[in-house]
Amino acid sequence: MSSLDRPRLRPLSARRFEHEGKSYALIEDPQGAFRDPVLVPLDAFVKVCRHFDGENSVDDVRAKVLEETGEALPEEVLSRLVAQLDRAMVLDGPEFAAFLGRYRRSEMRPAALAGRSYSANGPALRAQINGLYKGPGGAGPPALGVASKGERLRAVLSPHIDFGRGGPVYTWAYKELAERADADVYVILGVAHQYCRRRFALTRKDFETPLGIVRTDREYVDRIAAVAGEDLFDDELVHRGEHSVEFQTVFLRHILSKDRDFRIVPILVGSFHDHMERGVEPIDDPSVRRFVEALREAERASGKAVAYIGGIDLCHVGPEFGDPSPVDEGLLETIRNFDRAMLDRAADGDPEGWFRTAAEVSNRWRVCGLAATYTMLHALGPVKGTLLRYDQALDSRRRCCVSFASMSFHAPDPGPRPGPPSNADDGHPRD
């Protein structure tokens, strides 16, 4: 927390907003500490607030404004602006610190997207998800208790796109979990879509869903932190509104009966783009290596059956993501081929190949699950993956296309398991 004597802006989003002939900076909080946008006169935001970096004192800010504009900023005017922004939690100050303290003391992470991305009513949500299994593109209802011989399910990749566009593809991953995993703990690696100071973000909170509470294995989380560092909770607030883990908890709670005792380990993974720019293999970064080692050590020490879930999407293309032209059939085929190459590397259990395939084109197609999948593949050890389902969600105006897939990963198991062998997909992406 910064002192109000040295004010610091929080990592927020801001855009120009015109209202009644006046220009403002409209400030929004992706982490949801404040819900309603905050308006700051554009002139003040540009000339004054940009100096709120936690290093400049109030006197420094006044001096810089005078030097840059020739205008003397009265001390009382600046103090009033700082106090107002603190109350609005735009600053990393006492008000935000109090909010963060209350959040960290709570043991429950509320269902942020219930009633928005999926039904907030339990029976209606259960019917909604059942419909995804049975409907077009769905995997069909899972047959519980089936297990493959000579191998064990180590992990799945599942989408994190909204259920309306990607729901049927989720069902392929969760059918595998329902039929072939008998885990006590599910380690969920999601994508942090908001700014994070650290590579990884942990939380000890349980996750609320309309289908019931999903409990977090706090002891397992603490083991990770003991090896990788308590600073992994610095970005815990990012979990509050992030959907990439939340959507997995909903599907997981759906397939596991209410009396089934299981736990999750929710993890958000930030960006590795700086490694790509510098041509550095992420595992050579001490913080990444330490975290992978922490995951492995926590699993060994737990003495529990563990399965991993990667909540990831693949390519993001079209004008909504900054591309100049609408998405045409040629681009759809290009990203389909690119995704096939990426998924082949994942199926080989090859994290370096997975990362390198994207790095060779400077992640041109914006694979948002790049870092989470890389981390998971390193943590798993030797595995063989099978593509279960692939799809592309293209909007009607061809301004936005997101690709995603479900995969399963198995490792050799010395102990035979009852049941027929799995029916493998042909392993090729398809719409």
# chains A, B, ... in the order shown; residues from 1 in each chain; ligands from 1
$ residues_around --residues "region 117-122 of chain A" --least-positions-apart "4" --cutoff "12 Å" --atoms "only C-alpha atoms" --output "number ranges by chain"
A: 110-113, 126-129, 160-167, 208-213, 243, 246-247, 250-251, 253-254
$ residues_around --residues "region 311-316 of chain A" --least-positions-apart "2" --cutoff "6 Å" --atoms "only C-alpha atoms" --output "JSON list (two decimals) with N, CA, C and O atoms, in the first residue's frame"
[["chain", "number", "residue", "atom", "x", "y", "z"],
["A", 158, "SER", "N", -9.41, -27.82, -20.77],
["A", 158, "SER", "CA", -10.81, -27.46, -21.00],
["A", 158, "SER", "C", -10.86, -26.01, -21.43],
["A", 158, "SER", "O", -9.98, -25.22, -21.06],
["A", 159, "PRO", "N", -11.86, -25.60, -22.20],
["A", 159, "PRO", "CA", -11.97, -24.18, -22.53],
["A", 159, "PRO", "C", -12.25, -23.32, -21.29],
["A", 159, "PRO", "O", -12.59, -23.83, -20.22],
["A", 160, "HIS", "N", -12.12, -22.02, -21.45],
["A", 160, "HIS", "CA", -12.67, -21.10, -20.45],
["A", 160, "HIS", "C", -13.55, -20.03, -21.11],
["A", 160, "HIS", "O", -13.94, -19.05, -20.47],
["A", 190, "GLY", "N", -5.75, -21.65, -14.25],
["A", 190, "GLY", "CA", -6.50, -20.76, -15.11],
["A", 190, "GLY", "C", -5.63, -19.62, -15.61],
["A", 190, "GLY", "O", -4.46, -19.48, -15.23],
["A", 244, "SER", "N", -11.79, -17.91, -15.61],
["A", 244, "SER", "CA", -11.14, -19.11, -16.15],
["A", 244, "SER", "C", -11.08, -20.25, -15.14],
["A", 244, "SER", "O", -11.11, -21.42, -15.54],
["A", 365, "TRP", "N", -1.24, -15.08, -32.90],
["A", 365, "TRP", "CA", -2.67, -15.38, -32.83],
["A", 365, "TRP", "C", -3.20, -15.33, -31.40],
["A", 365, "TRP", "O", -4.29, -15.76, -31.13],
["A", 366, "ARG", "N", -2.37, -14.82, -30.48],
["A", 366, "ARG", "CA", -2.82, -14.49, -29.12],
["A", 366, "ARG", "C", -3.38, -15.71, -28.37],
["A", 366, "ARG", "O", -4.56, -15.74, -27.99],
["A", 367, "VAL", "N", -2.55, -16.69, -28.17],
["A", 367, "VAL", "CA", -2.94, -17.87, -27.40],
["A", 367, "VAL", "C", -2.94, -17.48, -25.93],
["A", 367, "VAL", "O", -1.89, -17.35, -25.30],
["A", 369, "GLY", "N", -3.91, -19.11, -23.33],
["A", 369, "GLY", "CA", -3.58, -20.17, -22.39],
["A", 369, "GLY", "C", -2.13, -20.63, -22.49],
["A", 369, "GLY", "O", -1.79, -21.70, -21.98],
["A", 401, "CYS", "N", -13.03, -14.12, -33.41],
["A", 401, "CYS", "CA", -13.00, -15.57, -33.43],
["A", 401, "CYS", "C", -12.06, -16.06, -32.33],
["A", 401, "CYS", "O", -10.93, -15.58, -32.20],
["A", 402, "VAL", "N", -12.56, -17.00, -31.54],
["A", 402, "VAL", "CA", -11.77, -17.63, -30.48],
["A", 402, "VAL", "C", -11.78, -19.13, -30.73],
["A", 402, "VAL", "O", -12.83, -19.71, -30.99],
["A", 403, "SER", "N", -10.61, -19.76, -30.66],
["A", 403, "SER", "CA", -10.54, -21.21, -30.80],
["A", 403, "SER", "C", -10.24, -21.84, -29.44],
["A", 403, "SER", "O", -9.67, -21.21, -28.56],
["A", 404, "PHE", "N", -10.64, -23.10, -29.28],
["A", 404, "PHE", "CA", -10.51, -23.77, -27.98],
["A", 404, "PHE", "C", -10.62, -25.26, -28.20],
["A", 404, "PHE", "O", -11.05, -25.73, -29.27]]
$ closest_residue --among "A:His378, A:Arg104, A:Arg263, A:Arg198" --to "Ala183 (chain A)" --atoms "only C-alpha atoms"
A:Arg263
$ residues_around --residues "region 89-97 of chain A" --least-positions-apart "6" --cutoff "9 Å" --atoms "only C-alpha atoms" --output "list in words"
Met1, Ser2, Ser3, Leu4, Pro7, Arg8, Leu9, Arg10, Pro11, Leu12, Ile27, Glu28, Asp29, Ala33, Phe34, Val38, Phe52, Gly54 and Val82 of chain A
$ select_by_dssp --residues "region 113-332 of chain A" --states "alpha helix (DSSP H)" --output "PyMOL selection string"
chain A and resi 122-134+163-180+218-228+243-255+273-278+286-302+329-332
$ write_last_selection --atoms "C-alpha atoms" --output "JSON list (two decimals), in the first residue's frame"
[["chain", "number", "residue", "atom", "x", "y", "z"],
["A", 122, "GLY", "CA", -29.06, -24.60, -9.11],
["A", 123, "PRO", "CA", -31.66, -26.81, -10.83],
["A", 124, "ALA", "CA", -31.72, -24.54, -13.88],
["A", 125, "LEU", "CA", -27.92, -24.61, -14.09],
["A", 126, "ARG", "CA", -27.86, -28.38, -13.79],
["A", 127, "ALA", "CA", -30.38, -28.61, -16.64],
["A", 128, "GLN", "CA", -28.34, -26.14, -18.67],
["A", 129, "ILE", "CA", -25.16, -28.20, -18.34],
["A", 130, "ASN", "CA", -26.99, -31.49, -18.94],
["A", 131, "GLY", "CA", -28.24, -29.96, -22.16],
["A", 132, "LEU", "CA", -24.67, -29.20, -23.23],
["A", 133, "TYR", "CA", -23.69, -32.86, -22.81],
["A", 134, "LYS", "CA", -26.71, -34.09, -24.76],
["A", 163, "PHE", "CA", -20.80, -21.63, -22.00],
["A", 164, "GLY", "CA", -22.92, -20.20, -24.82],
["A", 165, "ARG", "CA", -20.09, -20.48, -27.32],
["A", 166, "GLY", "CA", -17.92, -23.25, -25.91],
["A", 167, "GLY", "CA", -20.14, -25.28, -23.60],
["A", 168, "PRO", "CA", -20.28, -28.45, -25.73],
["A", 169, "VAL", "CA", -16.48, -28.60, -25.90],
["A", 170, "TYR", "CA", -16.23, -28.42, -22.08],
["A", 171, "THR", "CA", -18.27, -31.61, -21.86],
["A", 172, "TRP", "CA", -15.59, -33.69, -23.57],
["A", 173, "ALA", "CA", -13.01, -32.81, -20.92],
["A", 174, "TYR", "CA", -15.40, -33.29, -18.02],
["A", 175, "LYS", "CA", -16.77, -36.56, -19.37],
["A", 176, "GLU", "CA", -13.17, -37.82, -19.22],
["A", 177, "LEU", "CA", -12.81, -36.58, -15.65],
["A", 178, "ALA", "CA", -16.10, -38.15, -14.62],
["A", 179, "GLU", "CA", -15.32, -41.51, -16.18],
["A", 180, "ARG", "CA", -11.57, -41.86, -15.74],
["A", 218, "ARG", "CA", -5.73, -25.03, 2.00],
["A", 219, "GLU", "CA", -3.00, -27.37, 3.21],
["A", 220, "TYR", "CA", -2.03, -28.13, -0.40],
["A", 221, "VAL", "CA", -2.01, -24.39, -1.23],
["A", 222, "ASP", "CA", 0.17, -23.72, 1.81],
["A", 223, "ARG", "CA", 2.65, -26.37, 0.66],
["A", 224, "ILE", "CA", 2.98, -24.58, -2.69],
["A", 225, "ALA", "CA", 3.50, -21.25, -0.95],
["A", 226, "ALA", "CA", 6.07, -22.75, 1.42],
["A", 227, "VAL", "CA", 8.27, -23.65, -1.56],
["A", 228, "ALA", "CA", 7.43, -20.87, -4.04],
["A", 243, "HIS", "CA", -13.80, -16.64, -14.98],
["A", 244, "SER", "CA", -11.14, -19.11, -16.15],
["A", 245, "VAL", "CA", -11.13, -20.98, -12.82],
["A", 246, "GLU", "CA", -14.76, -20.24, -11.91],
["A", 247, "PHE", "CA", -16.12, -21.99, -15.01],
["A", 248, "GLN", "CA", -14.10, -25.10, -14.18],
["A", 249, "THR", "CA", -15.50, -25.23, -10.63],
["A", 250, "VAL", "CA", -19.04, -25.15, -12.02],
["A", 251, "PHE", "CA", -18.44, -28.10, -14.35],
["A", 252, "LEU", "CA", -16.48, -29.98, -11.69],
["A", 253, "ARG", "CA", -19.20, -29.54, -9.09],
["A", 254, "HIS", "CA", -21.74, -30.73, -11.67],
["A", 255, "ILE", "CA", -20.03, -34.06, -12.40],
["A", 273, "HIS", "CA", 5.26, -12.65, -22.99],
["A", 274, "ASP", "CA", 8.41, -10.97, -21.68],
["A", 275, "HIS", "CA", 10.23, -14.30, -21.95],
["A", 276, "MET", "CA", 9.09, -14.58, -25.54],
["A", 277, "GLU", "CA", 10.36, -11.09, -26.35],
["A", 278, "ARG", "CA", 13.77, -11.86, -24.82],
["A", 286, "PRO", "CA", 13.83, -18.93, -11.31],
["A", 287, "SER", "CA", 10.28, -17.90, -10.37],
["A", 288, "VAL", "CA", 8.76, -20.27, -12.96],
["A", 289, "ARG", "CA", 11.09, -23.14, -12.09],
["A", 290, "ARG", "CA", 10.44, -22.65, -8.38],
["A", 291, "PHE", "CA", 6.69, -22.71, -8.92],
["A", 292, "VAL", "CA", 6.82, -25.91, -10.99],
["A", 293, "GLU", "CA", 8.96, -27.50, -8.30],
["A", 294, "ALA", "CA", 6.44, -26.33, -5.71],
["A", 295, "LEU", "CA", 3.59, -27.99, -7.63],
["A", 296, "ARG", "CA", 5.50, -31.26, -7.82],
["A", 297, "GLU", "CA", 6.53, -31.16, -4.17],
["A", 298, "ALA", "CA", 3.00, -30.34, -2.99],
["A", 299, "GLU", "CA", 1.64, -33.33, -4.92],
["A", 300, "ARG", "CA", 4.28, -35.67, -3.51],
["A", 301, "ALA", "CA", 3.73, -34.46, 0.03],
["A", 302, "SER", "CA", -0.05, -34.61, -0.14],
["A", 329, "GLU", "CA", -12.08, -18.53, -44.32],
["A", 330, "GLY", "CA", -8.37, -18.36, -45.02],
["A", 331, "LEU", "CA", -7.64, -17.07, -41.53],
["A", 332, "LEU", "CA", -9.87, -19.71, -39.97]]
